[in-house]
Structure formats: C-alpha cells, structure tokens
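Text of final_28.cif, listed as mmCIF, C-alpha atoms:
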```cif
data_protein
#
loop_
_atom_site.label_atom_id
_atom_site.label_comp_id
_atom_site.auth_asym_id
_atom_site.auth_seq_id
_atom_site.Cartn_x
_atom_site.Cartn_y
_atom_site.Cartn_z
CA MET A 1 -20.55 -20.78 83.25
CA ARG A 2 -23.98 -22.06 84.16
CA ARG A 3 -25.45 -18.58 83.85
CA PHE A 4 -23.82 -18.20 80.42
CA ILE A 5 -25.40 -21.45 79.23
CA GLU A 6 -28.82 -20.37 80.53
CA ASN A 7 -28.52 -17.00 78.80
CA PHE A 8 -27.44 -18.67 75.58
CA ILE A 9 -30.39 -21.06 75.65
CA THR A 10 -32.75 -18.17 76.38
CA PHE A 11 -31.31 -16.24 73.43
CA ILE A 12 -31.73 -19.24 71.12
CA LEU A 13 -35.35 -19.71 72.25
CA ILE A 14 -36.16 -16.02 71.71
CA PHE A 15 -34.49 -16.12 68.30
CA LEU A 16 -36.50 -19.19 67.31
CA ILE A 17 -39.72 -17.59 68.53
CA ILE A 18 -39.01 -14.50 66.43
CA ILE A 19 -38.22 -16.63 63.37
CA ILE A 20 -41.36 -18.74 63.82
CA PHE A 21 -43.53 -15.69 64.44
CA GLY A 22 -42.08 -13.80 61.48
CA GLY A 23 -42.38 -16.83 59.24
CA THR A 24 -45.99 -17.36 60.30
CA VAL A 25 -46.90 -13.73 59.57
CA PHE A 26 -45.07 -13.86 56.21
CA PHE A 27 -46.82 -17.12 55.33
CA ALA A 28 -50.25 -15.74 56.26
CA LEU A 29 -49.75 -12.56 54.23
CA ASP A 30 -48.54 -14.65 51.29
CA VAL A 31 -51.41 -17.13 51.50
CA PHE A 32 -54.12 -14.49 51.63
CA GLY A 33 -52.52 -12.39 48.91
CA VAL A 34 -51.86 -9.37 51.11
CA ILE A 35 -48.32 -9.21 49.78
CA HIS A 36 -47.02 -10.28 46.38
CA VAL A 37 -44.19 -12.78 46.68
CA PRO A 38 -42.33 -14.09 43.63
CA GLU A 39 -43.20 -17.72 43.01
CA LYS A 40 -39.74 -19.06 43.83
CA TYR A 41 -39.87 -17.40 47.28
CA SER A 42 -43.55 -18.07 47.96
CA LEU A 43 -44.35 -20.43 50.82
CA ALA A 44 -47.99 -20.58 49.72
CA SER A 45 -46.98 -21.91 46.31
CA LEU A 46 -45.61 -24.98 48.06
CA LEU A 47 -49.16 -25.80 49.14
CA TYR A 48 -50.96 -25.10 45.87
CA SER A 49 -50.38 -22.89 42.88
CA GLN A 50 -52.34 -22.61 39.64
CA ILE A 51 -52.08 -20.01 36.93
CA GLU A 52 -54.81 -19.69 34.29
CA VAL A 53 -54.83 -17.22 31.44
CA ILE A 54 -58.17 -16.25 29.93
CA ALA A 55 -58.39 -14.28 26.70
CA ALA A 56 -61.53 -12.24 26.08
CA GLY A 57 -62.31 -10.12 23.07
CA GLU A 58 -62.16 -12.46 20.09
CA ASN A 59 -65.69 -11.41 19.08
CA LEU A 60 -65.08 -7.72 19.66
CA THR A 61 -65.71 -5.55 16.61
CA ASP A 62 -65.26 -1.89 15.76
CA ASP A 63 -67.63 -2.23 12.82
CA ILE A 64 -70.99 -0.68 13.56
CA ILE A 65 -72.46 -3.09 11.07
CA GLN A 66 -71.78 -6.74 10.46
CA ASP A 67 -72.78 -6.85 6.82
CA ASP A 68 -75.32 -9.30 5.47
CA PHE A 69 -74.28 -9.35 1.82
CA ASN A 70 -77.49 -11.14 0.85
CA SER A 71 -79.57 -8.22 2.09
CA LYS A 72 -78.65 -4.93 0.45
CA ASP A 73 -81.82 -2.88 0.71
CA LYS A 74 -81.64 0.33 -1.26
CA ASP A 75 -83.58 3.55 -1.58
CA LYS A 76 -84.30 3.94 -5.28
CA ILE A 77 -85.17 7.31 -6.78
CA ASN A 78 -86.03 7.92 -10.43
CA ASP A 79 -84.63 11.22 -11.68
CA ASN A 80 -83.95 12.16 -15.31
CA ASN A 81 -83.98 8.55 -16.52
CA PHE A 82 -81.38 7.23 -14.13
CA ILE A 83 -81.62 5.45 -10.80
CA ILE A 84 -80.12 6.71 -7.58
CA GLU A 85 -79.75 4.27 -4.73
CA ASN A 86 -79.12 5.30 -1.15
CA VAL A 87 -77.67 2.32 0.65
CA THR A 88 -76.64 1.45 4.15
CA GLU A 89 -75.65 -1.87 5.68
CA THR A 90 -77.96 -4.25 7.48
CA GLU A 91 -77.09 -5.80 10.79
CA GLU A 92 -76.98 -9.52 11.47
CA VAL A 93 -78.95 -10.32 14.61
CA SER A 94 -79.21 -13.69 16.33
CA ALA A 95 -82.66 -15.20 16.79
CA ASP A 96 -82.51 -14.64 20.54
CA ASP A 97 -81.67 -10.95 20.17
CA TYR A 98 -83.86 -10.10 17.19
CA LYS A 99 -86.06 -7.03 17.34
CA ASP A 100 -88.06 -5.84 14.38
CA PRO A 101 -86.00 -2.82 13.25
CA LEU A 102 -88.98 -0.82 11.99
CA GLU A 103 -90.90 -1.31 15.24
CA GLU A 104 -87.76 -0.46 17.20
CA LEU A 105 -87.22 2.75 15.24
CA GLU A 106 -90.84 3.83 15.74
CA ARG A 107 -90.62 3.04 19.46
CA LEU A 108 -87.43 5.03 19.87
CA GLN A 109 -88.79 7.96 17.89
CA GLU A 110 -91.78 8.13 20.19
CA GLU A 111 -89.44 8.43 23.16
CA GLN A 112 -87.42 11.19 21.56
CA ASN A 113 -88.78 14.57 22.60
CA LEU A 114 -87.57 17.23 20.21
CA ASN A 115 -88.73 20.00 22.53
CA ASN A 116 -85.88 19.09 24.88
CA TYR A 117 -83.25 19.80 22.26
CA GLN A 118 -80.93 22.63 23.27
CA SER A 119 -79.73 25.31 20.91
CA SER A 120 -76.05 25.05 21.86
CA GLN A 121 -73.71 23.00 24.03
CA THR A 122 -70.06 22.70 24.92
CA VAL A 123 -68.75 19.30 23.83
CA ASN A 124 -65.17 18.03 23.91
CA VAL A 125 -65.13 16.36 20.51
CA ASN A 126 -61.52 15.18 20.83
CA ASN A 127 -62.50 12.92 23.74
CA PHE A 128 -66.20 12.65 23.01
CA TYR A 129 -66.59 8.91 23.51
CA TYR A 130 -63.90 8.75 26.20
CA GLU A 131 -65.79 11.07 28.51
CA GLN A 132 -68.79 8.71 28.51
CA LEU A 133 -66.81 5.62 29.58
CA ASP A 134 -66.91 4.27 33.12
CA GLU A 135 -63.83 4.49 35.35
CA TYR A 136 -62.44 1.16 34.14
CA GLY A 137 -62.97 2.02 30.49
CA LYS A 138 -61.12 5.31 31.00
CA ILE A 139 -58.17 3.50 32.60
CA ILE A 140 -57.92 1.19 29.57
CA TYR A 141 -58.39 4.03 27.06
CA ASP A 142 -55.80 6.21 28.82
CA ARG A 143 -53.15 3.50 28.84
CA LEU A 144 -53.62 2.71 25.16
CA TYR A 145 -53.70 6.39 24.19
CA GLU A 146 -50.50 7.08 26.16
CA ASN A 147 -48.82 4.35 24.11
CA ILE A 148 -50.56 5.07 20.82
CA ASP A 149 -47.31 5.04 18.82
CA LYS A 150 -46.51 1.58 20.17
CA LEU A 151 -49.80 0.29 18.76
CA LYS A 152 -48.25 0.66 15.30
CA THR A 153 -46.13 -2.41 16.02
CA GLY A 154 -49.22 -4.60 16.38
CA THR A 155 -47.49 -6.44 19.23
CA TYR A 156 -47.48 -3.93 22.09
CA GLU A 157 -49.15 -5.21 25.26
CA ALA A 158 -50.65 -2.86 27.85
CA ASP A 159 -49.85 -4.41 31.22
CA PHE A 160 -52.25 -3.35 33.99
CA GLY A 161 -50.84 -5.72 36.61
CA THR A 162 -53.30 -6.08 39.51
CA GLU A 163 -55.04 -2.75 38.78
CA PHE A 164 -58.38 -4.55 38.24
CA ASN A 165 -57.83 -7.16 40.95
CA ASP A 166 -60.46 -5.75 43.34
CA LEU A 167 -63.04 -5.45 40.56
CA LEU A 168 -62.49 -9.02 39.39
CA HIS A 169 -63.08 -10.31 42.92
CA GLU A 170 -66.60 -8.86 42.77
CA GLU A 171 -69.51 -11.06 41.73
CA ASN A 172 -70.02 -9.47 38.29
CA GLY A 173 -66.51 -8.06 37.97
CA THR A 174 -65.54 -10.07 34.89
CA GLU A 175 -68.64 -8.94 33.01
CA VAL A 176 -68.08 -5.31 34.00
CA LEU A 177 -64.43 -5.34 32.91
CA ASN A 178 -65.16 -7.10 29.61
CA ASN A 179 -67.85 -4.54 28.80
CA SER A 180 -65.58 -1.64 29.78
CA PHE A 181 -62.82 -3.09 27.61
CA GLN A 182 -65.06 -3.40 24.56
CA LEU A 183 -66.41 0.13 24.92
CA ALA A 184 -62.95 1.59 25.57
CA ILE A 185 -61.23 0.00 22.59
CA ASN A 186 -64.00 1.10 20.25
CA ALA A 187 -64.24 4.58 21.79
CA LEU A 188 -60.51 4.96 21.15
CA THR A 189 -60.95 4.37 17.41
CA PHE A 190 -64.03 6.61 17.15
CA ASP A 191 -62.27 9.49 18.90
CA ASN A 192 -59.04 8.90 16.96
CA THR A 193 -60.04 8.07 13.41
CA ASP A 194 -56.40 7.83 12.27
CA LEU A 195 -56.12 4.45 14.04
CA PHE A 196 -57.25 2.77 10.83
CA TYR A 197 -54.38 0.30 11.00
CA ILE A 198 -55.73 -1.37 14.16
CA ASP A 199 -58.10 -4.33 13.92
CA VAL A 200 -59.85 -4.37 17.28
CA THR A 201 -61.25 -7.82 16.58
CA LYS A 202 -57.69 -9.07 17.08
CA ILE A 203 -57.13 -7.31 20.42
CA ASN A 204 -57.79 -9.37 23.53
CA LEU A 205 -58.31 -8.72 27.20
CA LEU A 206 -55.93 -11.23 28.82
CA THR A 207 -56.65 -12.14 32.43
CA GLU A 208 -54.08 -14.19 34.35
CA ILE A 209 -55.66 -15.89 37.36
CA THR A 210 -53.19 -17.10 39.97
CA THR A 211 -54.53 -19.28 42.78
CA ARG A 212 -52.36 -19.98 45.81
CA ALA A 213 -53.80 -21.80 48.78
CA PHE A 214 -56.64 -19.54 49.93
CA SER A 215 -56.00 -16.52 47.70
CA THR A 216 -56.65 -15.61 44.06
CA THR A 217 -54.91 -12.81 42.20
CA TYR A 218 -56.00 -11.33 38.88
CA ARG A 219 -53.51 -9.67 36.53
CA VAL A 220 -54.67 -8.07 33.29
CA LYS A 221 -53.00 -7.32 29.98
CA ILE A 222 -54.41 -6.09 26.68
CA GLY A 223 -52.79 -7.23 23.46
CA GLY A 224 -52.88 -9.67 20.60
CA ASN A 225 -52.35 -12.82 22.66
CA GLY A 226 -49.19 -13.62 20.72
CA GLN A 227 -50.55 -12.47 17.34
CA SER A 228 -50.37 -9.13 15.53
CA TYR A 229 -53.47 -6.96 15.79
CA LEU A 230 -52.62 -4.81 12.79
CA ALA A 231 -55.41 -4.70 10.22
CA ASP A 232 -55.05 -6.80 7.09
CA GLY A 233 -52.68 -5.18 4.63
CA PHE A 234 -50.64 -3.33 7.25
CA TRP A 235 -47.69 -5.60 7.88
CA ASP A 236 -45.43 -3.61 10.19
CA GLU A 237 -44.76 -0.24 11.79
CA GLU A 238 -42.86 1.04 8.76
CA TYR A 239 -45.79 0.39 6.44
CA VAL A 240 -48.22 1.94 8.94
CA ASP A 241 -46.15 5.16 8.92
CA ILE A 242 -46.18 5.16 5.12
CA ALA A 243 -49.96 4.69 5.06
CA LEU A 244 -50.39 7.49 7.59
CA GLY A 245 -48.37 9.73 5.31
CA TYR A 246 -50.63 8.91 2.38
CA VAL A 247 -53.86 9.83 4.18
CA GLU A 248 -52.29 12.96 5.69
CA ASP A 249 -51.23 14.16 2.23
CA ILE A 250 -54.80 13.82 0.95
CA LYS A 251 -56.18 15.52 4.05
CA ASN A 252 -53.74 18.42 3.68
CA ASN A 253 -54.65 18.81 0.01
CA ILE A 254 -58.35 19.07 0.89
CA ILE A 255 -57.65 21.51 3.72
CA SER A 256 -55.59 23.73 1.41
CA LYS A 257 -58.79 24.40 -0.54
CA THR A 258 -60.58 25.70 2.56
CA THR A 259 -58.22 28.60 3.25
CA GLY A 260 -60.11 31.85 3.80
CA LYS A 261 -63.50 30.15 3.83
CA ASP A 262 -66.03 30.39 6.63
CA ARG A 263 -66.97 27.28 8.64
CA VAL A 264 -70.02 26.33 6.59
CA GLU A 265 -68.10 26.61 3.33
CA GLN A 266 -65.23 24.55 4.76
CA ILE A 267 -67.67 21.82 5.78
CA LYS A 268 -69.23 21.91 2.32
CA ILE A 269 -65.82 21.51 0.63
CA VAL A 270 -65.05 18.39 2.69
CA HIS A 271 -68.57 17.02 2.14
CA ASP A 272 -68.34 17.57 -1.62
CA TYR A 273 -64.89 16.00 -1.87
CA LEU A 274 -66.14 12.78 -0.31
CA VAL A 275 -69.33 12.76 -2.39
CA ASP A 276 -67.42 13.40 -5.62
CA THR A 277 -64.47 11.03 -5.12
CA VAL A 278 -65.64 8.11 -2.98
CA GLU A 279 -67.77 5.22 -4.18
CA TYR A 280 -70.07 3.29 -1.88
CA ASP A 281 -68.90 -0.33 -2.03
CA LEU A 282 -69.82 -3.15 0.34
CA GLU A 283 -67.35 -5.61 -1.15
CA ALA A 284 -64.12 -3.62 -1.52
CA GLY A 285 -62.28 -5.26 1.37
CA SER A 286 -61.77 -4.66 5.08
CA ASN A 287 -60.78 -0.99 4.73
CA ILE A 288 -64.27 0.15 3.73
CA TYR A 289 -64.87 0.97 7.40
CA ASN A 290 -61.89 3.30 7.87
CA ILE A 291 -60.26 6.45 6.51
CA TYR A 292 -57.65 4.55 4.50
CA GLY A 293 -60.26 2.78 2.42
CA THR A 294 -62.22 6.00 2.05
CA LEU A 295 -59.39 8.38 1.14
CA ILE A 296 -56.88 6.05 -0.55
CA ASP A 297 -58.95 3.24 -2.08
CA LYS A 298 -61.92 5.59 -2.65
CA ARG A 299 -64.27 2.78 -1.53
CA ALA A 300 -66.27 2.89 1.69
CA VAL A 301 -69.50 2.24 3.55
CA CYS A 302 -71.20 4.65 5.93
CA GLU A 303 -68.69 4.17 8.75
CA GLY A 304 -65.80 4.96 6.41
CA TYR A 305 -67.51 8.13 5.15
CA ALA A 306 -68.26 9.28 8.71
CA ARG A 307 -64.73 8.58 9.97
CA ALA A 308 -63.09 10.36 7.02
CA PHE A 309 -65.39 13.35 7.43
CA LYS A 310 -64.43 13.69 11.10
CA TYR A 311 -60.74 13.08 10.35
CA ILE A 312 -60.57 16.08 8.05
CA LEU A 313 -62.82 18.42 10.06
CA ASP A 314 -60.84 17.67 13.23
CA ASP A 315 -57.80 19.20 11.54
CA LEU A 316 -59.88 22.23 10.65
CA GLU A 317 -60.84 22.46 14.34
CA ILE A 318 -64.53 22.19 13.48
CA PRO A 319 -66.36 20.30 16.27
CA THR A 320 -67.46 16.99 14.75
CA VAL A 321 -68.61 13.65 16.13
CA ILE A 322 -69.55 10.33 14.56
CA ALA A 323 -73.09 9.28 15.40
CA CYS A 324 -74.51 5.77 15.17
CA GLY A 325 -78.06 4.53 14.99
CA LEU A 326 -80.83 3.41 12.67
CA ALA A 327 -82.00 4.84 9.37
CA LYS A 328 -85.17 4.13 7.39
CA ASN A 329 -85.18 4.53 3.62
CA SER A 330 -88.17 5.35 1.43
CA ALA A 331 -88.93 1.65 1.01
CA GLY A 332 -89.54 1.46 4.75
CA VAL A 333 -86.43 -0.66 5.39
CA THR A 334 -84.64 0.17 8.64
CA GLU A 335 -80.90 -0.39 8.82
CA THR A 336 -77.97 0.30 11.13
CA HIS A 337 -76.14 3.40 9.97
CA ALA A 338 -73.52 6.05 10.78
CA TRP A 339 -73.37 9.78 10.08
CA ASN A 340 -71.94 13.00 11.61
CA TYR A 341 -72.93 15.95 13.76
CA VAL A 342 -71.14 19.29 13.37
CA GLN A 343 -71.26 22.46 15.42
CA LEU A 344 -71.41 25.78 13.64
CA GLU A 345 -70.21 29.14 14.90
CA ASN A 346 -73.73 29.95 16.09
CA GLY A 347 -73.21 27.24 18.73
CA GLN A 348 -75.86 24.92 17.28
CA TRP A 349 -75.36 21.34 16.15
CA TYR A 350 -76.52 19.98 12.79
CA ALA A 351 -76.57 16.55 11.17
CA ILE A 352 -74.76 15.57 7.97
CA ASP A 353 -75.13 12.17 6.31
CA VAL A 354 -72.43 12.13 3.64
CA THR A 355 -73.25 8.53 2.69
CA TRP A 356 -76.84 9.29 1.76
CA ASP A 357 -75.76 12.47 -0.02
CA ASP A 358 -73.59 10.21 -2.21
CA PRO A 359 -76.12 7.85 -3.83
CA VAL A 360 -75.16 5.04 -6.18
CA ILE A 361 -75.96 5.93 -9.77
CA ILE A 362 -77.07 3.28 -12.22
CA GLY A 363 -77.22 4.62 -15.74
CA SER A 364 -76.21 8.08 -16.86
CA GLY A 365 -77.00 11.44 -15.38
CA ILE A 366 -75.97 13.87 -12.69
CA ILE A 367 -76.86 14.28 -9.05
CA SER A 368 -78.96 17.38 -8.50
CA ASP A 369 -78.21 19.67 -5.58
CA SER A 370 -81.51 18.70 -4.00
CA ILE A 371 -80.18 15.16 -3.69
CA LYS A 372 -76.53 15.99 -3.05
CA TYR A 373 -77.43 18.17 -0.05
CA GLN A 374 -80.54 16.33 1.10
CA TYR A 375 -78.84 15.49 4.42
CA PHE A 376 -76.52 18.49 4.74
CA LEU A 377 -76.73 20.58 7.94
CA LYS A 378 -80.12 19.23 8.95
CA GLY A 379 -81.91 19.91 12.21
CA ALA A 380 -83.75 17.43 14.40
CA ASN A 381 -87.24 17.99 12.94
CA LYS A 382 -86.15 16.96 9.45
CA PHE A 383 -83.27 14.59 10.14
CA PHE A 384 -85.10 12.39 12.62
CA GLU A 385 -87.87 11.68 10.15
CA ASP A 386 -85.73 8.79 8.89
CA HIS A 387 -82.72 8.64 11.25
CA PHE A 388 -82.55 7.70 14.91
CA GLU A 389 -79.47 7.83 17.08
CA ASP A 390 -78.94 4.94 19.51
CA GLY A 391 -75.23 5.30 20.33
CA ASN A 392 -74.48 1.61 19.83
CA ILE A 393 -70.96 1.71 18.43
CA VAL A 394 -70.64 -1.82 19.82
CA GLY A 395 -73.11 -4.01 21.72
CA GLU A 396 -75.52 -2.08 23.94
CA ALA A 397 -73.33 0.99 24.30
CA ASP A 398 -75.96 3.76 24.49
CA PHE A 399 -73.58 6.68 24.01
CA GLU A 400 -75.35 10.05 24.01
CA TYR A 401 -74.88 12.73 21.39
CA PRO A 402 -75.06 16.53 21.24
CA LYS A 403 -78.60 17.85 20.88
CA LEU A 404 -79.37 19.10 17.42
CA SER A 405 -80.90 22.38 16.46
CA VAL A 406 -84.61 21.79 15.91
CA LEU A 407 -84.53 23.55 12.53
CA ASP A 408 -82.24 23.02 9.51
CA TYR A 409 -79.40 25.48 8.99
CA TYR A 410 -80.86 26.50 5.63
CA ASN A 411 -84.36 26.93 7.00
#
```
Could you spell out this file's structure in structure tokens?
Amino acid sequence: MRRFIENFITFILIFLIIIIFGGTVFFALDVFGVIHVPEKYSLASLLYSQIEVIAAGENLTDDIIQDDFNSKDKDKINDNNFIIENVTETEEVSADDYKDPLEELERLQEEQNLNNYQSSQTVNVNNFYYEQLDEYGKIIYDRLYENIDKLKTGTYEADFGTEFNDLLHEENGTEVLNNSFQLAINALTFDNTDLFYIDVTKINLLTEITTRAFSTTYRVKIGGNGQSYLADGFWDEEYVDIALGYVEDIKNNIISKTTGKDRVEQIKIVHDYLVDTVEYDLEAGSNIYNIYGTLIDKRAVCEGYARAFKYILDDLEIPTVIACGLAKNSAGVTETHAWNYVQLENGQWYAIDVTWDDPVIIGSGIISDSIKYQYFLKGANKFFEDHFEDGNIVGEADFEYPKLSVLDYYN
C-alpha cells in the first residue's frame, strides 16, 4: 500500500511537471509570436493585447496628372484661318517638391543617349508594368489579378494575412510596402486598361497591428476600408458588366474595319478613329482618364487617349505600351503627359501621341495630314525633341520603356 501511494505521488508530480513545462513552452511561443493562437485561447493576451488598424492609400492616384484647371497651356498653330491647340495637363506640385519643369526636361534630355537605343526588343506588353515591380508589388498585383472579377463588386478585400509580417518588422518596412502597394495598384490598371470602373484613390492598404506582451504581428488587407472603390457612376457589379459590354462593342466595331490590313494600317485605323471621334476635354468628369470616357462619352485627356489606344491594339495583338513623361509645346511650356509606344513587324518600336495628333480646333477648317500625323510612328530623334519619358505613373516610379527606333517609320 505504501509503495502504491509513493508511485501515485510520483506519477502526479511527473504529470504536473509535464503540464507546467508544456504550458511554459506554449506561453513562450505565444508571447513571442512564434505560433498564432486565437485570442480566446491566448495566454499572452491575458497580459496585454492591443489591435490597431492603419489604412494607407487615401492619397493614392492612378491619374498621371492632377489637373490645375487654372493653368491650361496650349500649343497654338495658325493654319488656314483657324487655330489648332495641342493641350496636355499640368501637374500640381507642392512647394517642397517643386522643380522647374523646363529645366528638368532639359536635364533629362541631356542624360538620354540616343546612340544606346536598340533596333528591336522582346517585351511582354501584357505584363509590362508588372514585370518591373519589386517582389512585394508582384504579390499584391498577382492577388488582385487572380480575383479581378471580384473587383467588380467594389467591396472585395484581398487578405494577405501575415504574408508581409517579416517585412513590416524591418526598419523601413512600412515605407517599402506602401510604395510597393501604390506601384502595384497603378501598374494593374496600366497593364489592364479595361479596369476603368476601379477608382484606385478609394483602395486602401489596411494593416492590422496586434501587440501581445513582447510580440507584434502585422496582418495586411487591401480593400475599400468599408466603402466601395468603384469609380463614380458605376454603382454595382451589374452596371460594371453593362459598361464593359458597351466598350467591347465599340472596340469590336473598330477592329472589324482592320480585317485584312497590315499592322501599320491597323494602327492607323485605330489612331484615326480616336482623332476623329474623341474630343479633348479637361472638364468632362472623372472618366476622362479611362477608356469609358474616351470610347463612350467621347471626352478624354491624354491618359484616356493612351489607354483607349492600348485597349484596342491589345485585342489586335499589336505590342503596345502606355508611356508617361514630360512634353514641351511650341510655347516652351513643359507639362506631364502620356502617349504610346508600338512595335511593328520589323521588330522596332515607335512613338504615337494620339492626343497631340488630335488638336482642339477653334473656328472652322480641317486638320491637314501634316498635323494629324505629326506624332505618328515617330523615332527617338524626332519624338524626343519635345517629349521625355520618365516612367512616373505615380510618385517616383521610374518605370523603363522599350527603346525606340532612332529614325521615324516614314523616314
């Protein structure tokens, strides 16, 4: 009997030691965030628990230009008693960030060595901006692209869990992730121009910071922070699908006219359609930056022209990218601007600025071919006399573009 009691006591002691040891290990792993324990089972949460949600992205914009409507500098040309005005949009710059645009253009042009331009390159135009993102930007882009149909709801949230936890523990991790997010969300809309129904200024990077005792965990979501991120005028998924049908019908009608044509003639047909049907208008509403405003409302600014041009040529399988930078008109005014690069069957890339080939006419008259095709299939020597690419689709992005042919196509 005595031996039984001793054995029983020994068993109890061993059992208690195991429980205490296991509990200590569990507690330590929980405290230092090695394992994720639901709050109601977390021992660490009994000591201290705080959850903070930070939303970043309210100032994010997919517009290359933030228009200053009090400064509409125009390139005026007198021709047959009427005035033609080439217009782009000026960029608002804070006092701290201001750089004289003319000096900046001249400085950048000096750095640009045309002798380094290659005659041909292989470029994946479907993922052109994506391929220049960092690893975090690609993760964000991939997740949104995989759920692109869900974006039509305006309420879908991409949940990344703790995927960026290690990055956000680094000293500059928050800055890196915010920058990657901004570039990724804009790259998505530049690669996929049919995402006109998304207003990226309404999409936020949501970071949930959970602090328990000695550990901090970061969980990330991307969404509207409780609000719809559909662009103004697109109320729900059903209306988005209807709008998509409208722009696809117009695209298909244009493409039907290119049957049997060679690549240059197909490009010319699309170029001419936009020049002949779209009106440059700074004040026609929020859709002037996208393909809906360009193809349906027939009102756009340079970004809308460039997006619509790519949208149609993509369906024709003609390699096309949207380029961003600065442009200087004949009055010497330098402005932020957008245009396109296309690759012909000879493997070379050429520039097309549909916006500046579609000048505003005041008075009566017609646009001569010399004006209508002034920026059609231009090479680097000519095009970079008054254009400079900087790749800033948002912030200090610095995306790089295909190298143009030195000479014009019609040289």
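Counting from CA of Cys324 (chain A), the distance to CA of Val247 (chain A) is 23.7 Å.
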Spatial neighbours of Gln227 (chain A), max dist 9 Å, all atoms listed in the file, sep filter under 3 positions, as an mmCIF file with C-alpha atoms, keeping the file's coordinate frame:
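Generated file (around32.cif):
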```
data_model
loop_
_atom_site.group_PDB
_atom_site.id
_atom_site.type_symbol
_atom_site.label_atom_id
_atom_site.label_comp_id
_atom_site.auth_asym_id
_atom_site.auth_seq_id
_atom_site.Cartn_x
_atom_site.Cartn_y
_atom_site.Cartn_z
ATOM 1 C CA GLY A 154 -49.220 -4.600 16.380
ATOM 2 C CA THR A 155 -47.490 -6.440 19.230
ATOM 3 C CA LYS A 202 -57.690 -9.070 17.080
ATOM 4 C CA ILE A 203 -57.130 -7.310 20.420
ATOM 5 C CA GLY A 223 -52.790 -7.230 23.460
ATOM 6 C CA GLY A 224 -52.880 -9.670 20.600
#
```
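Going from CA of Ile139 (chain A) to CA of Leu183 (chain A) covers 11.8 Å.
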In terms of all atoms listed in the file, the residue from A:Leu230, A:Ile242, A:Ala327, A:Ile255 at minimal distance from Ser286 (chain A) is A:Leu230
*Give me, please, the distance in Å between CA of Phe383 (chain A) and CA of Leu295 (chain A), quoted to one decimal.*
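CA of Leu295 (chain A) lies 26.3 Å from CA of Phe383 (chain A).
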ask   = Got a sec to check which residues sit within 12 Å of (-58.2, 4.2, 2.6), counting all atoms listed in the file, and write them as a PyMOL selection string?
value = chain A and resi 193-197+233-234+243-248+250-251+278-279+284-301+304-305+307-308
Could you turn the residues from that selection into a file that holds C-alpha atoms, as a short mmCIF file (atom, residue, chain, number, x, y, z; two decimals), in the coordinates of the input?
```
data_model
loop_
_atom_site.label_atom_id
_atom_site.label_comp_id
_atom_site.auth_asym_id
_atom_site.auth_seq_id
_atom_site.Cartn_x
_atom_site.Cartn_y
_atom_site.Cartn_z
CA THR A 193 -60.04 8.07 13.41
CA ASP A 194 -56.40 7.83 12.27
CA LEU A 195 -56.12 4.45 14.04
CA PHE A 196 -57.25 2.77 10.83
CA TYR A 197 -54.38 0.30 11.00
CA GLY A 233 -52.68 -5.18 4.63
CA PHE A 234 -50.64 -3.33 7.25
CA ALA A 243 -49.96 4.69 5.06
CA LEU A 244 -50.39 7.49 7.59
CA GLY A 245 -48.37 9.73 5.31
CA TYR A 246 -50.63 8.91 2.38
CA VAL A 247 -53.86 9.83 4.18
CA GLU A 248 -52.29 12.96 5.69
CA ILE A 250 -54.80 13.82 0.95
CA LYS A 251 -56.18 15.52 4.05
CA VAL A 278 -65.64 8.11 -2.98
CA GLU A 279 -67.77 5.22 -4.18
CA ALA A 284 -64.12 -3.62 -1.52
CA GLY A 285 -62.28 -5.26 1.37
CA SER A 286 -61.77 -4.66 5.08
CA ASN A 287 -60.78 -0.99 4.73
CA ILE A 288 -64.27 0.15 3.73
CA TYR A 289 -64.87 0.97 7.40
CA ASN A 290 -61.89 3.30 7.87
CA ILE A 291 -60.26 6.45 6.51
CA TYR A 292 -57.65 4.55 4.50
CA GLY A 293 -60.26 2.78 2.42
CA THR A 294 -62.22 6.00 2.05
CA LEU A 295 -59.39 8.38 1.14
CA ILE A 296 -56.88 6.05 -0.55
CA ASP A 297 -58.95 3.24 -2.08
CA LYS A 298 -61.92 5.59 -2.65
CA ARG A 299 -64.27 2.78 -1.53
CA ALA A 300 -66.27 2.89 1.69
CA VAL A 301 -69.50 2.24 3.55
CA GLY A 304 -65.80 4.96 6.41
CA TYR A 305 -67.51 8.13 5.15
CA ARG A 307 -64.73 8.58 9.97
CA ALA A 308 -63.09 10.36 7.02
#
```
Complete region 172-176 of chain A at the level of all heavy atoms, written as a short mmCIF file (atom, residue, chain, number, x, y, z; two decimals), in the coordinates of the input.
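Saved result, part-v1.cif, follows:
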```
data_model
loop_
_atom_site.label_atom_id
_atom_site.label_comp_id
_atom_site.auth_asym_id
_atom_site.auth_seq_id
_atom_site.Cartn_x
_atom_site.Cartn_y
_atom_site.Cartn_z
N ASN A 172 -69.86 -9.70 39.73
CA ASN A 172 -70.02 -9.47 38.29
C ASN A 172 -68.82 -8.73 37.71
O ASN A 172 -68.92 -8.07 36.67
CB ASN A 172 -71.30 -8.69 38.01
CG ASN A 172 -71.26 -7.30 38.62
OD1 ASN A 172 -70.51 -7.06 39.58
ND2 ASN A 172 -72.05 -6.39 38.09
N GLY A 173 -67.68 -8.82 38.38
CA GLY A 173 -66.51 -8.06 37.97
C GLY A 173 -66.01 -8.39 36.57
O GLY A 173 -65.63 -7.49 35.81
N THR A 174 -66.01 -9.67 36.22
CA THR A 174 -65.54 -10.07 34.89
C THR A 174 -66.41 -9.46 33.80
O THR A 174 -65.91 -8.94 32.79
CB THR A 174 -65.53 -11.60 34.76
OG1 THR A 174 -64.63 -12.15 35.74
CG2 THR A 174 -65.08 -12.03 33.38
N GLU A 175 -67.72 -9.51 33.99
CA GLU A 175 -68.64 -8.94 33.01
C GLU A 175 -68.44 -7.45 32.88
O GLU A 175 -68.43 -6.90 31.77
CB GLU A 175 -70.08 -9.25 33.42
CG GLU A 175 -71.12 -8.69 32.48
CD GLU A 175 -72.54 -8.95 32.94
OE1 GLU A 175 -72.72 -9.73 33.91
OE2 GLU A 175 -73.47 -8.38 32.35
N VAL A 176 -68.28 -6.76 34.01
CA VAL A 176 -68.08 -5.31 34.00
C VAL A 176 -66.81 -4.95 33.25
O VAL A 176 -66.80 -4.06 32.39
CB VAL A 176 -68.03 -4.75 35.44
CG1 VAL A 176 -67.58 -3.29 35.42
CG2 VAL A 176 -69.39 -4.87 36.11
#
```
